[in-house]
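Undergrad: A single structure is presented below for examination.
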2 protein chains.
Amino acid sequence: MANINDVSRLAKVSKATVSRVLSGSRGVKEESRLAVMQAVETLQYKPSVIAQSLSTQSTGCIGVICATENINQSTGYLHALEKELRLNQKYLLLRFATDAASLTHSVDEIGRGLCDAMIVIGARFALPKLPENVITIDCLDADSERSIHFDRSFAAETACQYVLKQGRRQIALINPESQEAAGQILQGYHLALEKFLLPYDRRLVHSGAQALTQLLAQNVPFNALLVPDDATAQDALRQLMQHGRSVPENVMVFSLGSTLPPGGSAVPAIAYPLETLAQRAMALLAGQFSAGLSAPVRGQLSLPS
Amino acid sequence: MANINDVSRLAKVSKATVSRVLSGSRGVKEESRLAVMQAVETLQYKPSVIAQSLSTQSTGCIGVICATENINQSTGYLHALEKELRLNQKYLLLRFATDAASLTHSVDEIGRGLCDAMIVIGARFALPKLPENVITIDCLDADSERSIHFDRSFAAETACQYVLKQGRRQIALINPESQEAAGQILQGYHLALEKFLLPYDRRLVHSGAQALTQLLAQNVPFNALLVPDDATAQDALRQLMQHGRSVPENVMVFSLGSTLPPGGSAVPAIAYPLETLAQRAMALLAGQFSAGLSAPVRGQLSLPS
DNA sequence: CTGTTAGCGCTTTCAA
DNA sequence: TTGAAAGCGCTAACAG
């Protein structure tokens, strides 16, 4: 593989000039520029990213660490982030983490010069203290400047309004186990009920792995079911079918947090546009902590196609 | 961040000795070794991966390029590969590719010294010519030494036998669009039918996006439906439901290529154990092209939990 | 506008 | 068993 010396020799200029041509190339005589381009072409020269990294002390690698809990959600994020990173000439280094310990481990392993910065996605465990160059998306952490959070209260309220408008007034809710998120969702849920002057029936609200089973056991009628994410929605669909409840005729299932492409969800959902999230992540990585970026993201109502 | 010079100074030995201690460390006096370890500890020294890479001409990065076509399948692969790579002290650089052109682009972009080798997954388009350091998993390429293929004929045959044993003799088949895979599947399908002395009814076999619609339109009865992968299975489930066909009572849906964790599939399936695939990939990357590694991989029957 | 030169942080001969 | 020194391939300050 040809290196910068080969090019400089062939083009009869110095390494420095070659370097100048290849990066921004300004203040280089057209003649030399052409000579360099020519040489680059004939030698099929590609600068070594590693050497550049060592020299500039920056690799262009962004570590993306996905919590394995929502592993199904991760594909959407990864695809969107990879696209956005590529647009910014950056590389995506992938890791998975199951808990705080493995997160910490990954963070300081890939932080050893390999990655310029990191993005942690979807962690439902308490986060360890993270370095400055780490941002989080949809994680359980105190509102930090370097985080992207979802407005779950808004999601729940919007969802309720939607199903209510469909004439469904008995709205069951499966809440996530995370206290933080569950609290927000409950808040939006209450808000919507109040607006419609509907009473709150605690028997309609459950959480945890057995939530749906418990709900069905209550024997309280419901014609709408709010669930935290797409995976839970899928699961609910299956279970409801097995119990002879048709969807959506009998029960309308609604996902409060979809990170699938528009129309990708099998049920109505509040969807978080991945492209927007990815762009916002880039902005945070670039250190732009403006006001708009710190507000929680509001999803959009998305109906199945 | 402390560097090797700081360590060598504090430990009162040369850089060379520090380097020796940190790698294999043999032929180093115990005394010096301890001094180095001590210094490393107090300085919290972590060697720079980049500098090591430049020096050794190898980065430990493996590029993983997923075809976006089966993007849903990719999570399973990614998780398994990341785990295996981490065990081998390697990093996973992620890319997605939509077609041959973008694949080529990625390959030579991350091949510029950033990645030691690459893995291409699930491409359904004709592959471009790939460098020696690229292996493929479940891609459309001629049997190369550097590929992992699935034994789809075996999968189809096994699937047929399974549903036949369940007393279902009218087996419909949705074939993938890829000629290669479709041919293999058809072969296994025929084989099984012959064994059971059943006639082949071409009206039960369809492919393409409208396959299921066409099948249903035929109005030929069927009580089992073989589909190429989990995504198609999901889709089929939904469509069948909408047509009032209950699953599995009325129609048993069977996925011929599941890359989900065991029991993760909602329907019976031939599953390809991801861990095994990942290990096989590692072996190929390590240049072990032994006989066993070139045979197509046979999946295992996996029933929903 | 261009070349020289000194790093970036580590590995690896080669002598001692 | 150790240290000095020569790279790995590139960037950037500095001088011209």
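Simple scheme: letters A, B, ... for chains in structure tokens order, numbers from 1 for residues in each chain, numbers from 1 for ligands in the order shown.
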Please run DSSP on the backbone and report, as a PyMOL selection string, all residues within stretch 43-251 of chain B that come out as alpha helix (DSSP H).

TA: chain B and resi 43+49-56+71-87+100-110+152-165+179-195+211-218+230-242

Undergrad: Sorted by chain and rising residue number, which residues of chain A lie within 9 Å of chain C, and what are their closest atom pairs and distances in Å to one decimal, counting only C-alpha atoms (C1' of nucleotides), as CSV?

TA:
```
residue,atom,partner,partner_atom,distance
A:Val13,CA,C:DT2,C1',8.2
A:Ser14,CA,C:DG3,C1',6.1
A:Lys15,CA,C:DG3,C1',8.5
A:Ala16,CA,C:DG3,C1',7.5
A:Thr17,CA,C:DT2,C1',7.0
A:Gly27,CA,C:DC1,C1',6.3
A:Val28,CA,C:DC1,C1',6.0
A:Lys29,CA,C:DC1,C1',6.5
A:Ala51,CA,C:DC8,C1',8.7
A:Ser53,CA,C:DC8,C1',8.6
A:Leu54,CA,C:DC8,C1',5.2
A:Ser55,CA,C:DC8,C1',4.7
A:Thr56,CA,C:DC8,C1',7.4
A:Gln57,CA,C:DC8,C1',7.2
```

Undergrad: Store the residues of this selection in a file with N, CA, C and O atoms, as a PDB file, in the first residue's frame.

TA:
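Listing of again-v3.pdb after writing:
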```pdb
ATOM      1  N   VAL A  13       7.013  16.722  -4.900  1.00  0.00           N
ATOM      2  CA  VAL A  13       6.748  17.788  -3.925  1.00  0.00           C
ATOM      3  C   VAL A  13       7.019  17.181  -2.555  1.00  0.00           C
ATOM      4  O   VAL A  13       7.324  16.002  -2.467  1.00  0.00           O
ATOM      5  N   SER A  14       6.886  17.987  -1.513  1.00  0.00           N
ATOM      6  CA  SER A  14       7.155  17.446  -0.180  1.00  0.00           C
ATOM      7  C   SER A  14       5.910  16.785   0.405  1.00  0.00           C
ATOM      8  O   SER A  14       4.796  17.008  -0.068  1.00  0.00           O
ATOM      9  N   LYS A  15       6.137  15.981   1.441  1.00  0.00           N
ATOM     10  CA  LYS A  15       5.023  15.365   2.145  1.00  0.00           C
ATOM     11  C   LYS A  15       4.020  16.435   2.564  1.00  0.00           C
ATOM     12  O   LYS A  15       2.800  16.250   2.462  1.00  0.00           O
ATOM     13  N   ALA A  16       4.539  17.517   3.066  1.00  0.00           N
ATOM     14  CA  ALA A  16       3.671  18.581   3.558  1.00  0.00           C
ATOM     15  C   ALA A  16       2.692  19.024   2.483  1.00  0.00           C
ATOM     16  O   ALA A  16       1.498  19.196   2.737  1.00  0.00           O
ATOM     17  N   THR A  17       3.195  19.190   1.298  1.00  0.00           N
ATOM     18  CA  THR A  17       2.322  19.631   0.209  1.00  0.00           C
ATOM     19  C   THR A  17       1.257  18.581  -0.097  1.00  0.00           C
ATOM     20  O   THR A  17       0.083  18.905  -0.298  1.00  0.00           O
ATOM     21  N   GLY A  27      -3.940  27.334  -0.550  1.00  0.00           N
ATOM     22  CA  GLY A  27      -2.590  27.876  -0.560  1.00  0.00           C
ATOM     23  C   GLY A  27      -1.649  26.872  -1.182  1.00  0.00           C
ATOM     24  O   GLY A  27      -0.538  26.648  -0.713  1.00  0.00           O
ATOM     25  N   VAL A  28      -2.096  26.221  -2.243  1.00  0.00           N
ATOM     26  CA  VAL A  28      -1.231  25.295  -2.975  1.00  0.00           C
ATOM     27  C   VAL A  28      -1.334  25.650  -4.451  1.00  0.00           C
ATOM     28  O   VAL A  28      -2.424  25.851  -4.973  1.00  0.00           O
ATOM     29  N   LYS A  29      -0.193  25.766  -5.087  1.00  0.00           N
ATOM     30  CA  LYS A  29      -0.197  26.122  -6.497  1.00  0.00           C
ATOM     31  C   LYS A  29      -0.961  25.044  -7.274  1.00  0.00           C
ATOM     32  O   LYS A  29      -0.806  23.849  -7.021  1.00  0.00           O
ATOM     33  N   ALA A  51      -2.616   6.627  11.089  1.00  0.00           N
ATOM     34  CA  ALA A  51      -1.545   7.604  11.203  1.00  0.00           C
ATOM     35  C   ALA A  51      -2.133   8.997  11.405  1.00  0.00           C
ATOM     36  O   ALA A  51      -1.645   9.787  12.228  1.00  0.00           O
ATOM     37  N   SER A  53      -4.917   9.663  12.787  1.00  0.00           N
ATOM     38  CA  SER A  53      -5.464   9.732  14.138  1.00  0.00           C
ATOM     39  C   SER A  53      -4.366  10.009  15.161  1.00  0.00           C
ATOM     40  O   SER A  53      -4.517  10.824  16.058  1.00  0.00           O
ATOM     41  N   LEU A  54      -3.266   9.317  14.986  1.00  0.00           N
ATOM     42  CA  LEU A  54      -2.186   9.486  15.958  1.00  0.00           C
ATOM     43  C   LEU A  54      -1.685  10.919  15.908  1.00  0.00           C
ATOM     44  O   LEU A  54      -1.445  11.557  16.931  1.00  0.00           O
ATOM     45  N   SER A  55      -1.586  11.413  14.710  1.00  0.00           N
ATOM     46  CA  SER A  55      -1.064  12.759  14.543  1.00  0.00           C
ATOM     47  C   SER A  55      -2.024  13.830  15.062  1.00  0.00           C
ATOM     48  O   SER A  55      -1.613  14.770  15.728  1.00  0.00           O
ATOM     49  N   THR A  56      -3.288  13.655  14.746  1.00  0.00           N
ATOM     50  CA  THR A  56      -4.248  14.689  15.126  1.00  0.00           C
ATOM     51  C   THR A  56      -4.875  14.451  16.499  1.00  0.00           C
ATOM     52  O   THR A  56      -5.637  15.275  16.982  1.00  0.00           O
ATOM     53  N   GLN A  57      -4.585  13.303  17.081  1.00  0.00           N
ATOM     54  CA  GLN A  57      -5.160  12.961  18.379  1.00  0.00           C
ATOM     55  C   GLN A  57      -6.681  12.922  18.324  1.00  0.00           C
ATOM     56  O   GLN A  57      -7.347  13.378  19.247  1.00  0.00           O
TER      57      GLN A  57
END
```

Undergrad: Please list as an mmCIF file with C-alpha atoms, in the first residue's frame every residue within 12 Å of B:Arg86, counting only C-alpha atoms (C1' of nucleotides) and excluding residues in the same chain fewer than 6 positions away.

TA:
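The resulting around03.cif:
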```
data_model
loop_
_atom_site.group_PDB
_atom_site.id
_atom_site.type_symbol
_atom_site.label_atom_id
_atom_site.label_comp_id
_atom_site.auth_asym_id
_atom_site.auth_seq_id
_atom_site.Cartn_x
_atom_site.Cartn_y
_atom_site.Cartn_z
ATOM 1 C CA LEU A 93 -17.868 1.452 17.027
ATOM 2 C CA LEU A 94 -20.478 -0.845 18.478
ATOM 3 C CA ARG A 95 -20.758 -2.286 21.958
ATOM 4 C CA PHE A 96 -23.509 -3.790 24.037
ATOM 5 C CA ALA A 97 -23.827 -3.415 27.772
ATOM 6 C CA SER A 102 -20.144 -3.615 31.726
ATOM 7 C CA HIS A 105 -15.816 -1.321 31.335
ATOM 8 C CA SER A 106 -16.663 -0.549 27.749
ATOM 9 C CA GLU A 109 -11.849 0.410 27.164
ATOM 10 C CA ILE A 110 -12.898 2.216 24.025
ATOM 11 C CA GLY B 60 -7.968 -5.019 16.079
ATOM 12 C CA CYS B 61 -10.990 -3.507 14.366
ATOM 13 C CA ILE B 62 -13.314 -5.756 12.419
ATOM 14 C CA LEU B 78 -24.568 -7.925 15.860
ATOM 15 C CA HIS B 79 -25.068 -8.975 19.408
ATOM 16 C CA ALA B 80 -23.465 -12.349 18.865
ATOM 17 C CA LEU B 92 -16.663 -3.982 15.972
ATOM 18 C CA LEU B 93 -16.993 -1.195 13.467
ATOM 19 C CA ALA B 278 -20.034 -15.985 15.396
ATOM 20 C CA GLN B 279 -17.405 -18.497 16.399
ATOM 21 C CA MET B 282 -13.905 -15.773 14.040
#
```

Undergrad: Ranking A:Ser153, A:Glu31, A:Ile50, A:Val36 by minimum distance to chain D and counting only C-alpha atoms (C1' of nucleotides), which one comes first?

TA: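 Nearest to chain D: A:Ile50.
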
Undergrad: Determine, for each residue of chain D having at least one atom at most 7 Å from an atom of chain B, the closest pair of atoms and their separation in Å to one decimal, counting only C-alpha atoms (C1' of nucleotides); order by chain and ascending number, as a Markdown table.

TA:
```
| residue | atom | partner | partner_atom | distance |
| --- | --- | --- | --- | --- |
| D:DT1 | C1' | B:Val28 | CA | 6.0 |
| D:DG3 | C1' | B:Ser14 | CA | 6.0 |
| D:DC8 | C1' | B:Ser55 | CA | 4.7 |
```

Undergrad: Restricting the calculation to only C-alpha atoms: of A:Ser255, A:Thr75, A:Gln38, A:Gln234, which residue gets closest to chain B?

TA: A:Thr75

Undergrad: Quick one: residues within 10 Å of stretch 122-125 of chain A, only C-alpha atoms (C1' of nucleotides) counted, chain neighbours fewer than 3 positions away excluded, as a count of residues only?

TA: 29

Undergrad: Just want the 12 Å neighbourhood of A:Val18, counted on only C-alpha atoms (C1' of nucleotides), with same-chain residues fewer than 6 positions away dropped. Output as a PyMOL selection string.

TA: (chain A and resi 3-12+24-26+28-29+32-40+45-47) or (chain C and resi 2-3) or (chain D and resi 10-11)

Undergrad: Give the strand (DSSP E or B) residues of stretch 31-75 of chain B, as DSSP finds them on the backbone, and put them as a list in words.

TA: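 Secondary structure check on stretch 31-75 of chain B, strand (DSSP E or B): Cys61, Ile62, Gly63, Val64, Ile65, Cys66 and Ala67 of chain B.
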
Undergrad: Taking N, CA and C atoms for each residue, export the selection above as a PDB file, in the first residue's frame.

TA:
```pdb
ATOM      1  N   CYS B  61      -9.620  -3.856  14.754  1.00  0.00           N
ATOM      2  CA  CYS B  61     -10.990  -3.507  14.366  1.00  0.00           C
ATOM      3  C   CYS B  61     -11.488  -4.445  13.278  1.00  0.00           C
ATOM      4  N   ILE B  62     -12.692  -4.955  13.458  1.00  0.00           N
ATOM      5  CA  ILE B  62     -13.314  -5.756  12.419  1.00  0.00           C
ATOM      6  C   ILE B  62     -14.545  -5.001  11.937  1.00  0.00           C
ATOM      7  N   GLY B  63     -14.597  -4.741  10.661  1.00  0.00           N
ATOM      8  CA  GLY B  63     -15.757  -4.053  10.113  1.00  0.00           C
ATOM      9  C   GLY B  63     -16.889  -5.045   9.920  1.00  0.00           C
ATOM     10  N   VAL B  64     -18.074  -4.681  10.371  1.00  0.00           N
ATOM     11  CA  VAL B  64     -19.227  -5.543  10.133  1.00  0.00           C
ATOM     12  C   VAL B  64     -20.211  -4.753   9.296  1.00  0.00           C
ATOM     13  N   ILE B  65     -20.477  -5.262   8.111  1.00  0.00           N
ATOM     14  CA  ILE B  65     -21.346  -4.537   7.192  1.00  0.00           C
ATOM     15  C   ILE B  65     -22.641  -5.318   7.005  1.00  0.00           C
ATOM     16  N   CYS B  66     -23.723  -4.759   7.497  1.00  0.00           N
ATOM     17  CA  CYS B  66     -25.013  -5.438   7.399  1.00  0.00           C
ATOM     18  C   CYS B  66     -25.790  -4.932   6.200  1.00  0.00           C
ATOM     19  N   ALA B  67     -26.334  -5.855   5.450  1.00  0.00           N
ATOM     20  CA  ALA B  67     -27.210  -5.455   4.362  1.00  0.00           C
ATOM     21  C   ALA B  67     -28.504  -4.957   4.999  1.00  0.00           C
TER      22      ALA B  67
END
```
